[in-house]
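Undergrad: Structure file target_37.cif (mmCIF, C-alpha atoms and all ligand atoms) right here:
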```
data_protein
loop_
_atom_site.label_atom_id
_atom_site.label_comp_id
_atom_site.auth_asym_id
_atom_site.auth_seq_id
_atom_site.Cartn_x
_atom_site.Cartn_y
_atom_site.Cartn_z
CA MET A 1 0.45 -5.73 3.81
CA HIS A 2 2.03 -5.37 7.22
CA THR A 3 4.02 -7.43 9.74
CA PRO A 4 1.65 -10.23 10.81
CA ASP A 5 0.87 -10.90 14.47
CA GLY A 6 3.15 -13.61 15.81
CA PHE A 7 5.93 -12.91 13.28
CA VAL A 8 9.43 -12.29 14.64
CA PRO A 9 11.60 -11.00 11.77
CA SER A 10 15.28 -11.92 11.57
CA HIS A 11 17.95 -11.93 8.87
CA ALA A 12 20.40 -14.33 10.54
CA LEU A 13 20.05 -17.68 8.75
CA PRO A 14 20.19 -20.41 11.44
CA ALA A 15 22.90 -23.06 10.92
CA LEU A 16 20.20 -25.72 10.89
CA LEU A 17 16.71 -25.15 9.55
CA PRO A 18 14.09 -27.79 10.38
CA GLY A 19 12.42 -29.58 7.48
CA THR A 20 9.15 -28.08 8.68
CA ALA A 21 10.37 -24.56 7.87
CA LEU A 22 8.14 -22.77 5.35
CA ALA A 23 9.82 -22.10 2.00
CA PHE A 24 8.76 -18.99 0.05
CA ALA A 25 10.53 -19.84 -3.20
CA TYR A 26 10.31 -17.49 -6.17
CA SER A 27 11.12 -17.96 -9.82
CA ASP A 28 10.93 -14.52 -11.44
CA VAL A 29 7.71 -12.97 -10.02
CA LYS A 30 6.00 -16.26 -9.22
CA MET A 31 5.96 -18.26 -6.00
CA LEU A 32 6.14 -22.04 -5.71
CA VAL A 33 3.04 -23.58 -4.10
CA GLY A 34 1.59 -27.02 -3.49
CA GLY A 35 -2.01 -27.84 -2.62
CA SER A 36 -4.94 -27.43 -4.98
CA GLU A 37 -5.98 -24.60 -7.28
CA GLY A 38 -8.49 -23.25 -4.76
CA ALA A 39 -6.36 -23.96 -1.69
CA PRO A 40 -2.68 -23.35 -2.47
CA ALA A 41 -0.21 -24.33 0.27
CA VAL A 42 3.21 -22.91 1.07
CA PRO A 43 5.66 -25.85 0.83
CA THR A 44 8.07 -26.88 3.60
CA LEU A 45 11.81 -27.29 3.13
CA ASP A 46 11.27 -31.07 3.35
CA GLU A 47 8.80 -30.95 0.49
CA LEU A 48 11.22 -28.93 -1.65
CA ALA A 49 14.10 -31.26 -0.76
CA GLY A 50 11.90 -34.23 -1.76
CA ALA A 51 11.44 -32.63 -5.16
CA GLY A 52 15.16 -31.81 -5.43
CA ILE A 53 14.57 -28.05 -5.33
CA ASP A 54 16.84 -25.52 -3.64
CA GLY A 55 18.39 -22.14 -4.25
CA VAL A 56 20.00 -19.17 -2.49
CA ARG A 57 18.33 -18.76 0.90
CA HIS A 58 17.48 -15.62 2.84
CA TYR A 59 16.09 -16.06 6.31
CA LEU A 60 12.90 -14.15 7.08
CA GLY A 61 12.15 -14.99 10.72
CA GLU A 62 9.61 -17.09 12.61
CA LEU A 63 5.86 -17.08 12.20
CA SER A 64 4.31 -18.42 15.41
CA GLY A 65 7.51 -20.39 16.02
CA VAL A 66 7.80 -21.78 12.47
CA PRO A 67 10.96 -20.63 10.64
CA CYS A 68 10.35 -18.98 7.25
CA VAL A 69 12.89 -18.73 4.48
CA ALA A 70 12.92 -17.00 1.09
CA ILE A 71 14.51 -18.98 -1.74
CA VAL A 72 15.77 -17.64 -5.06
CA LEU A 73 15.03 -20.00 -7.97
CA PRO A 74 16.27 -19.53 -11.53
CA ASN A 75 13.97 -17.51 -13.82
CA ASP A 76 13.65 -20.51 -16.18
CA PHE A 77 12.76 -22.93 -13.36
CA THR A 78 10.20 -25.58 -14.33
CA PRO A 79 8.32 -27.05 -11.37
CA PRO A 80 7.93 -30.84 -11.16
CA PRO A 81 4.44 -32.41 -11.04
CA GLY A 82 2.44 -31.57 -7.90
CA ILE A 83 3.82 -28.10 -7.40
CA ARG A 84 3.36 -24.98 -9.47
CA LEU A 85 4.27 -21.33 -9.78
CA VAL A 86 1.63 -18.68 -9.08
CA GLY A 87 1.60 -14.88 -8.83
CA LEU A 88 1.43 -13.44 -5.33
CA ARG A 89 -2.05 -12.05 -6.07
CA ALA A 90 -3.31 -15.63 -6.59
CA LEU A 91 -2.73 -16.21 -2.86
CA PHE A 92 -5.03 -13.36 -1.75
CA PHE A 93 -8.00 -14.80 0.16
CA ARG A 94 -6.80 -18.36 -0.60
CA VAL A 95 -4.12 -18.72 2.07
CA PRO A 96 -4.16 -17.15 5.57
CA GLU A 97 -3.31 -13.44 5.46
CA PRO A 98 -0.07 -13.82 7.50
CA LEU A 99 1.29 -16.16 4.81
CA VAL A 100 0.42 -13.66 2.08
CA ALA A 101 2.28 -10.98 4.05
CA ILE A 102 5.37 -13.18 4.47
CA GLY A 103 5.14 -14.16 0.80
CA ALA A 104 5.17 -10.45 -0.12
CA ARG A 105 8.16 -9.85 2.15
CA ALA A 106 9.97 -12.84 0.60
CA PHE A 107 9.23 -11.55 -2.91
CA GLN A 108 10.87 -8.21 -2.16
CA ILE A 109 13.97 -9.85 -0.69
CA VAL A 110 14.31 -12.28 -3.62
CA GLU A 111 13.87 -9.36 -6.02
CA TRP A 112 16.59 -7.44 -4.19
CA ASP A 113 18.91 -10.48 -4.26
CA ARG A 114 18.67 -10.95 -7.99
CA THR A 115 18.96 -7.26 -8.87
CA HIS A 116 22.04 -6.70 -6.66
CA ARG A 117 24.34 -9.53 -7.72
CA TYR A 118 26.85 -7.02 -9.00
CA CYS A 119 28.01 -3.79 -7.43
CA GLY A 120 26.07 -0.85 -8.86
CA ARG A 121 29.16 1.33 -8.55
CA CYS A 122 32.03 -0.84 -9.90
CA GLY A 123 30.44 -4.02 -11.30
CA THR A 124 32.22 -6.52 -9.01
CA PRO A 125 30.09 -9.50 -7.87
CA THR A 126 28.62 -8.69 -4.43
CA ARG A 127 28.38 -10.91 -1.36
CA ASP A 128 25.91 -11.03 1.52
CA LYS A 129 27.13 -8.83 4.36
CA PRO A 130 27.27 -10.66 7.70
CA GLY A 131 25.14 -9.21 10.48
CA GLU A 132 22.56 -7.37 8.42
CA ARG A 133 20.29 -7.67 5.38
CA ALA A 134 22.71 -6.10 2.96
CA LYS A 135 24.96 -6.89 0.00
CA GLU A 136 28.49 -5.66 0.05
CA CYS A 137 30.99 -5.10 -2.73
CA PRO A 138 34.32 -6.77 -1.81
CA ALA A 139 36.22 -4.35 -4.10
CA CYS A 140 34.86 -0.87 -3.33
CA LYS A 141 32.84 -1.64 -0.14
CA TYR A 142 29.62 -0.22 -1.59
CA ILE A 143 26.63 -1.55 0.40
CA ALA A 144 23.17 -2.17 -1.08
CA TYR A 145 20.13 -2.65 1.16
CA PRO A 146 16.71 -3.91 0.03
CA ARG A 147 14.96 -0.97 -1.58
CA VAL A 148 11.72 0.44 -0.20
CA SER A 149 10.13 3.26 -2.19
CA PRO A 150 7.86 5.62 -0.26
CA ALA A 151 4.73 6.73 -2.06
CA MET A 152 1.83 8.88 -0.96
CA MET A 153 -1.88 8.36 -1.31
CA ALA A 154 -4.22 11.32 -0.89
CA LEU A 155 -7.98 11.48 -0.59
CA VAL A 156 -9.00 15.12 -1.10
CA THR A 157 -12.22 16.17 0.65
CA ARG A 158 -14.46 19.21 0.13
CA GLY A 159 -17.36 19.41 2.58
CA ARG A 160 -19.11 16.04 2.23
CA GLU A 161 -17.53 15.27 -1.14
CA MET A 162 -14.44 13.25 -2.01
CA LEU A 163 -12.15 13.63 -4.99
CA LEU A 164 -11.71 10.34 -6.84
CA ALA A 165 -9.88 9.77 -10.08
CA ARG A 166 -9.47 6.98 -12.57
CA SER A 167 -6.33 5.96 -14.35
CA HIS A 168 -6.34 4.57 -17.90
CA ARG A 169 -5.14 1.24 -16.49
CA PHE A 170 -8.06 0.84 -14.00
CA PRO A 171 -10.89 -1.59 -14.75
CA SER A 172 -13.78 0.20 -16.45
CA GLY A 173 -15.81 2.37 -14.05
CA MET A 174 -13.37 2.16 -11.13
CA TYR A 175 -12.21 5.28 -9.28
CA SER A 176 -9.69 5.67 -6.45
CA ALA A 177 -7.68 8.15 -4.41
CA LEU A 178 -4.63 9.87 -5.93
CA ALA A 179 -1.18 8.32 -5.51
CA GLY A 180 2.41 8.98 -6.50
CA PHE A 181 6.02 8.31 -5.59
CA VAL A 182 8.09 10.59 -3.38
CA GLU A 183 10.90 12.39 -5.20
CA PRO A 184 14.38 13.05 -3.79
CA GLY A 185 14.34 16.09 -1.50
CA GLU A 186 10.63 15.88 -0.71
CA THR A 187 8.76 15.16 2.50
CA ILE A 188 5.65 13.02 2.20
CA GLU A 189 3.61 16.19 2.72
CA ASP A 190 5.49 17.97 -0.11
CA CYS A 191 4.76 14.97 -2.32
CA VAL A 192 1.02 15.04 -1.52
CA ARG A 193 0.75 18.73 -2.48
CA ARG A 194 2.82 18.33 -5.66
CA GLU A 195 1.12 15.17 -6.89
CA VAL A 196 -2.40 16.49 -6.26
CA LYS A 197 -1.55 19.70 -8.11
CA GLU A 198 0.15 17.86 -11.01
CA GLU A 199 -2.45 15.14 -11.42
CA VAL A 200 -5.71 17.08 -11.02
CA GLY A 201 -4.79 20.78 -10.74
CA VAL A 202 -6.08 21.61 -7.25
CA ASP A 203 -4.41 22.91 -4.09
CA VAL A 204 -4.84 21.24 -0.72
CA GLY A 205 -4.66 22.63 2.82
CA ALA A 206 -4.56 20.58 6.01
CA LEU A 207 -3.34 16.99 5.70
CA THR A 208 -4.30 14.22 8.14
CA TYR A 209 -2.31 10.98 8.33
CA PHE A 210 -4.44 7.87 7.88
CA ALA A 211 -2.24 4.72 7.74
CA SER A 212 0.53 3.07 5.74
CA GLN A 213 0.77 -0.18 3.81
CA SER A 214 3.66 -2.19 2.43
CA TRP A 215 3.00 -3.12 -1.18
CA ALA A 216 5.22 -5.68 -2.87
CA PHE A 217 4.63 -4.59 -6.47
CA PRO A 218 7.53 -4.19 -6.47
CA HIS A 219 8.68 -2.46 -3.24
CA SER A 220 6.44 0.45 -2.23
CA LEU A 221 5.50 1.80 1.14
CA MET A 222 2.19 3.58 0.60
CA ILE A 223 1.55 6.35 3.14
CA ALA A 224 -2.05 7.56 3.08
CA TYR A 225 -3.55 10.93 3.98
CA THR A 226 -6.77 12.83 3.74
CA ALA A 227 -6.27 16.36 2.40
CA GLU A 228 -8.67 19.30 2.60
CA TYR A 229 -9.44 21.02 -0.67
CA ALA A 230 -8.08 24.59 -0.68
CA GLY A 231 -8.80 25.87 -4.21
CA GLY A 232 -8.45 25.41 -7.96
CA GLU A 233 -10.43 23.84 -10.80
CA LEU A 234 -10.26 20.13 -11.63
CA VAL A 235 -7.96 19.57 -14.60
CA PRO A 236 -6.87 15.94 -15.14
CA ASP A 237 -3.29 15.75 -16.36
CA GLY A 238 -4.33 13.71 -19.41
CA GLU A 239 -1.50 11.21 -18.88
CA GLU A 240 -1.94 9.28 -15.64
CA ILE A 241 -5.45 10.57 -14.92
CA ALA A 242 -8.23 9.74 -17.38
CA ASP A 243 -11.05 11.30 -15.34
CA VAL A 244 -11.48 12.99 -11.97
CA ARG A 245 -14.69 13.97 -10.16
CA TRP A 246 -16.14 15.04 -6.85
CA PHE A 247 -18.32 12.27 -5.43
CA PRO A 248 -20.79 12.74 -2.54
CA ALA A 249 -19.86 10.44 0.35
CA ASP A 250 -23.18 8.58 -0.08
CA ALA A 251 -22.95 8.06 -3.87
CA LEU A 252 -19.59 6.45 -4.60
CA PRO A 253 -18.48 4.71 -7.82
CA ASP A 254 -16.81 1.29 -8.18
CA MET A 255 -13.69 1.23 -6.03
CA PRO A 256 -10.55 -0.87 -5.45
CA PRO A 257 -10.88 -4.17 -3.49
CA SER A 258 -10.98 -4.18 0.30
CA LEU A 259 -7.42 -5.49 0.68
CA SER A 260 -6.02 -2.17 -0.54
CA ILE A 261 -5.23 0.79 1.66
CA ALA A 262 -7.05 2.92 -0.96
CA ARG A 263 -10.33 1.21 -0.16
CA ARG A 264 -9.81 1.45 3.60
CA LEU A 265 -8.99 5.16 3.25
CA ILE A 266 -12.09 5.82 1.12
CA ASP A 267 -14.43 3.75 3.32
CA ALA A 268 -13.24 5.33 6.57
CA THR A 269 -13.43 8.86 5.14
CA ALA A 270 -16.88 8.29 3.62
CA ALA A 271 -18.16 7.04 6.98
CA ARG A 272 -16.74 10.13 8.69
CA LEU A 273 -18.21 12.54 6.13
CA ARG A 274 -21.62 10.86 6.22
CA ALA A 275 -21.68 11.22 10.02
CA ASN A 276 -20.98 14.98 9.81
ZN ZN B 1 31.99 -2.00 -5.98
#
```
Turn the structure described in the file into structure tokens.

TA:
Amino acid sequence: MHTPDGFVPSHALPALLPGTALAFAYSDVKMLVGGSEGAPAVPTLDELAGAGIDGVRHYLGELSGVPCVAIVLPNDFTPPPGIRLVGLRALFFRVPEPLVAIGARAFQIVEWDRTHRYCGRCGTPTRDKPGERAKECPACKYIAYPRVSPAMMALVTRGREMLLARSHRFPSGMYSALAGFVEPGETIEDCVRREVKEEVGVDVGALTYFASQSWAFPHSLMIAYTAEYAGGELVPDGEEIADVRWFPADALPDMPPSLSIARRLIDATAARLRAN
């Protein structure tokens, strides 16, 4: 996920939102949609008002001139007939990609809103801070911003081979690149070297940046690299990693779907290795 073309982000809720504004309303981890099963539609504010639905609003910005707003619904919200709650993943390939990206952005802001209602330092109810996307404690002035957690992804290469691993939670037969969250005090590069060593036991040399991807489950920023193998035997950690192998670039196993940065990283690297 990334900022869609034509999207101008903003956090300043306009005094008047048109009824045509798109409403990305979440109850728990599910988003409210209209339309049919195969073609879900993001409702407008008018449509929500018609159904008597509203909640705390956070402005997101404009997508091609259309205002977009995130709405926090109660966790026990029951949608009226004609609209329903679906997981964000149910929107993939069923609504235009920019709407999925805004839906993911809305999810993270709603999640931040409902997990920062009280000050994490003194327990006082917080309030939205004017002028920025932040919650402020009126008692101790502690400020909480939406959380983004950096994580690294690394595809280790050795000649024309790539190191792919499978986690216990992957669908049967699927392999992917290694990934892990950055720890306090680390650079992304430190994290790549540590995670690769911890998860599969090998050392890596030169790292090359590939791309990054926002991932709303729940608030990661995945930063992807290729890493050159520098030594060591493969030893899966036995916890996160169920199996790890070297695969020739022209004989790859089942892999994650194309929407993921993992798949783009593997495909681009395989193409480069095959051309060598
Ligand atoms: Zn406080």

Undergrad: Give the residue list for ligand ZN 1 (chain B) at 6 Å, counting all atoms listed in the file, as a PDB file with C-alpha atoms, in the frame of the given file, sorted by chain and then by residue number.

TA:
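Saved file selection13.pdb follows:
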```pdb
ATOM      1  CA  CYS A 119      28.010  -3.790  -7.430  1.00  0.00           C
ATOM      2  CA  ARG A 121      29.160   1.330  -8.550  1.00  0.00           C
ATOM      3  CA  CYS A 122      32.030  -0.840  -9.900  1.00  0.00           C
ATOM      4  CA  GLY A 123      30.440  -4.020 -11.300  1.00  0.00           C
ATOM      5  CA  THR A 124      32.220  -6.520  -9.010  1.00  0.00           C
ATOM      6  CA  CYS A 137      30.990  -5.100  -2.730  1.00  0.00           C
ATOM      7  CA  ALA A 139      36.220  -4.350  -4.100  1.00  0.00           C
ATOM      8  CA  CYS A 140      34.860  -0.870  -3.330  1.00  0.00           C
ATOM      9  CA  LYS A 141      32.840  -1.640  -0.140  1.00  0.00           C
ATOM     10  CA  TYR A 142      29.620  -0.220  -1.590  1.00  0.00           C
TER      11      TYR A 142
END
```

Undergrad: What does the distance between atom CA of Arg193 of chain A and atom CA of Glu228 of chain A come to in Å, to one decimal place?

TA: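 Going from atom CA of Arg193 of chain A over to atom CA of Glu228 of chain A covers 10.7 Å.
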
Undergrad: Ranking A:Ala275, A:Leu163, A:Leu13, A:Val196 by minimum distance to Leu252 of chain A and counting all atoms listed in the file, which one comes first?

TA: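 Nearest candidate to Leu252 of chain A out of A:Ala275, A:Leu163, A:Leu13, A:Val196: A:Leu163.
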
Undergrad: Which residue, A:Ile83, A:Leu63, A:Leu32, A:Cys191, has the smallest gap to Pro4 of chain A when you use all atoms listed in the file?

TA: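 For Pro4 of chain A, the nearest of the candidates is A:Leu63.
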
Undergrad: Which residue out of A:Pro150, A:Pro96, A:Pro14, A:Gly159 has the minimum interatomic distance to Val182 of chain A when only C-alpha atoms are used?

TA: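 Ranked by minimum distance to Val182 of chain A, first place goes to A:Pro150.
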
Undergrad: Do you have the atom CA of Glu97 of chain A-atom CA of Gly180 of chain A distance handy?

TA: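 Spanning atom CA of Glu97 of chain A to atom CA of Gly180 of chain A is a straight-line distance of 26.0 Å.
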
Undergrad: For Arg158 of chain A, which of A:Val72, A:Val204, A:Met174, A:Val110 is the closest residue, counting all atoms listed in the file?

TA: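 Smallest distance to Arg158 of chain A is found for A:Val204.
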
Undergrad: Can you put N, CA and C atoms back into segment 254-268 of chain A and show it as a PDB file, keeping the file's coordinate frame?

TA:
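Output (result-v8.pdb):
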```pdb
ATOM      1  N   ASP A 254     -17.560   2.532  -8.428  1.00  0.00           N
ATOM      2  CA  ASP A 254     -16.810   1.290  -8.180  1.00  0.00           C
ATOM      3  C   ASP A 254     -15.434   1.677  -7.646  1.00  0.00           C
ATOM      4  N   MET A 255     -14.951   0.872  -6.695  1.00  0.00           N
ATOM      5  CA  MET A 255     -13.690   1.230  -6.030  1.00  0.00           C
ATOM      6  C   MET A 255     -12.765   0.026  -5.940  1.00  0.00           C
ATOM      7  N   PRO A 256     -11.490   0.246  -5.543  1.00  0.00           N
ATOM      8  CA  PRO A 256     -10.550  -0.870  -5.450  1.00  0.00           C
ATOM      9  C   PRO A 256     -11.000  -1.892  -4.387  1.00  0.00           C
ATOM     10  N   PRO A 257     -10.476  -3.129  -4.454  1.00  0.00           N
ATOM     11  CA  PRO A 257     -10.880  -4.170  -3.490  1.00  0.00           C
ATOM     12  C   PRO A 257     -10.460  -3.844  -2.062  1.00  0.00           C
ATOM     13  N   SER A 258     -11.108  -4.516  -1.118  1.00  0.00           N
ATOM     14  CA  SER A 258     -10.980  -4.180   0.300  1.00  0.00           C
ATOM     15  C   SER A 258      -9.576  -4.408   0.860  1.00  0.00           C
ATOM     16  N   LEU A 259      -8.770  -5.232   0.181  1.00  0.00           N
ATOM     17  CA  LEU A 259      -7.420  -5.490   0.680  1.00  0.00           C
ATOM     18  C   LEU A 259      -6.540  -4.246   0.589  1.00  0.00           C
ATOM     19  N   SER A 260      -6.889  -3.319  -0.284  1.00  0.00           N
ATOM     20  CA  SER A 260      -6.020  -2.170  -0.540  1.00  0.00           C
ATOM     21  C   SER A 260      -6.216  -1.076   0.487  1.00  0.00           C
ATOM     22  N   ILE A 261      -5.142  -0.340   0.738  1.00  0.00           N
ATOM     23  CA  ILE A 261      -5.230   0.790   1.660  1.00  0.00           C
ATOM     24  C   ILE A 261      -6.131   1.864   1.041  1.00  0.00           C
ATOM     25  N   ALA A 262      -6.188   1.934  -0.296  1.00  0.00           N
ATOM     26  CA  ALA A 262      -7.050   2.920  -0.960  1.00  0.00           C
ATOM     27  C   ALA A 262      -8.499   2.718  -0.518  1.00  0.00           C
ATOM     28  N   ARG A 263      -8.941   1.477  -0.519  1.00  0.00           N
ATOM     29  CA  ARG A 263     -10.330   1.210  -0.160  1.00  0.00           C
ATOM     30  C   ARG A 263     -10.584   1.518   1.315  1.00  0.00           C
ATOM     31  N   ARG A 264      -9.628   1.166   2.167  1.00  0.00           N
ATOM     32  CA  ARG A 264      -9.810   1.450   3.600  1.00  0.00           C
ATOM     33  C   ARG A 264      -9.875   2.954   3.838  1.00  0.00           C
ATOM     34  N   LEU A 265      -9.016   3.694   3.127  1.00  0.00           N
ATOM     35  CA  LEU A 265      -8.990   5.160   3.250  1.00  0.00           C
ATOM     36  C   LEU A 265     -10.328   5.756   2.798  1.00  0.00           C
ATOM     37  N   ILE A 266     -10.837   5.282   1.668  1.00  0.00           N
ATOM     38  CA  ILE A 266     -12.090   5.820   1.120  1.00  0.00           C
ATOM     39  C   ILE A 266     -13.266   5.458   2.043  1.00  0.00           C
ATOM     40  N   ASP A 267     -13.325   4.186   2.461  1.00  0.00           N
ATOM     41  CA  ASP A 267     -14.430   3.750   3.320  1.00  0.00           C
ATOM     42  C   ASP A 267     -14.453   4.518   4.647  1.00  0.00           C
ATOM     43  N   ALA A 268     -13.285   4.655   5.277  1.00  0.00           N
ATOM     44  CA  ALA A 268     -13.240   5.330   6.570  1.00  0.00           C
ATOM     45  C   ALA A 268     -13.606   6.814   6.426  1.00  0.00           C
TER      46      ALA A 268
END
```
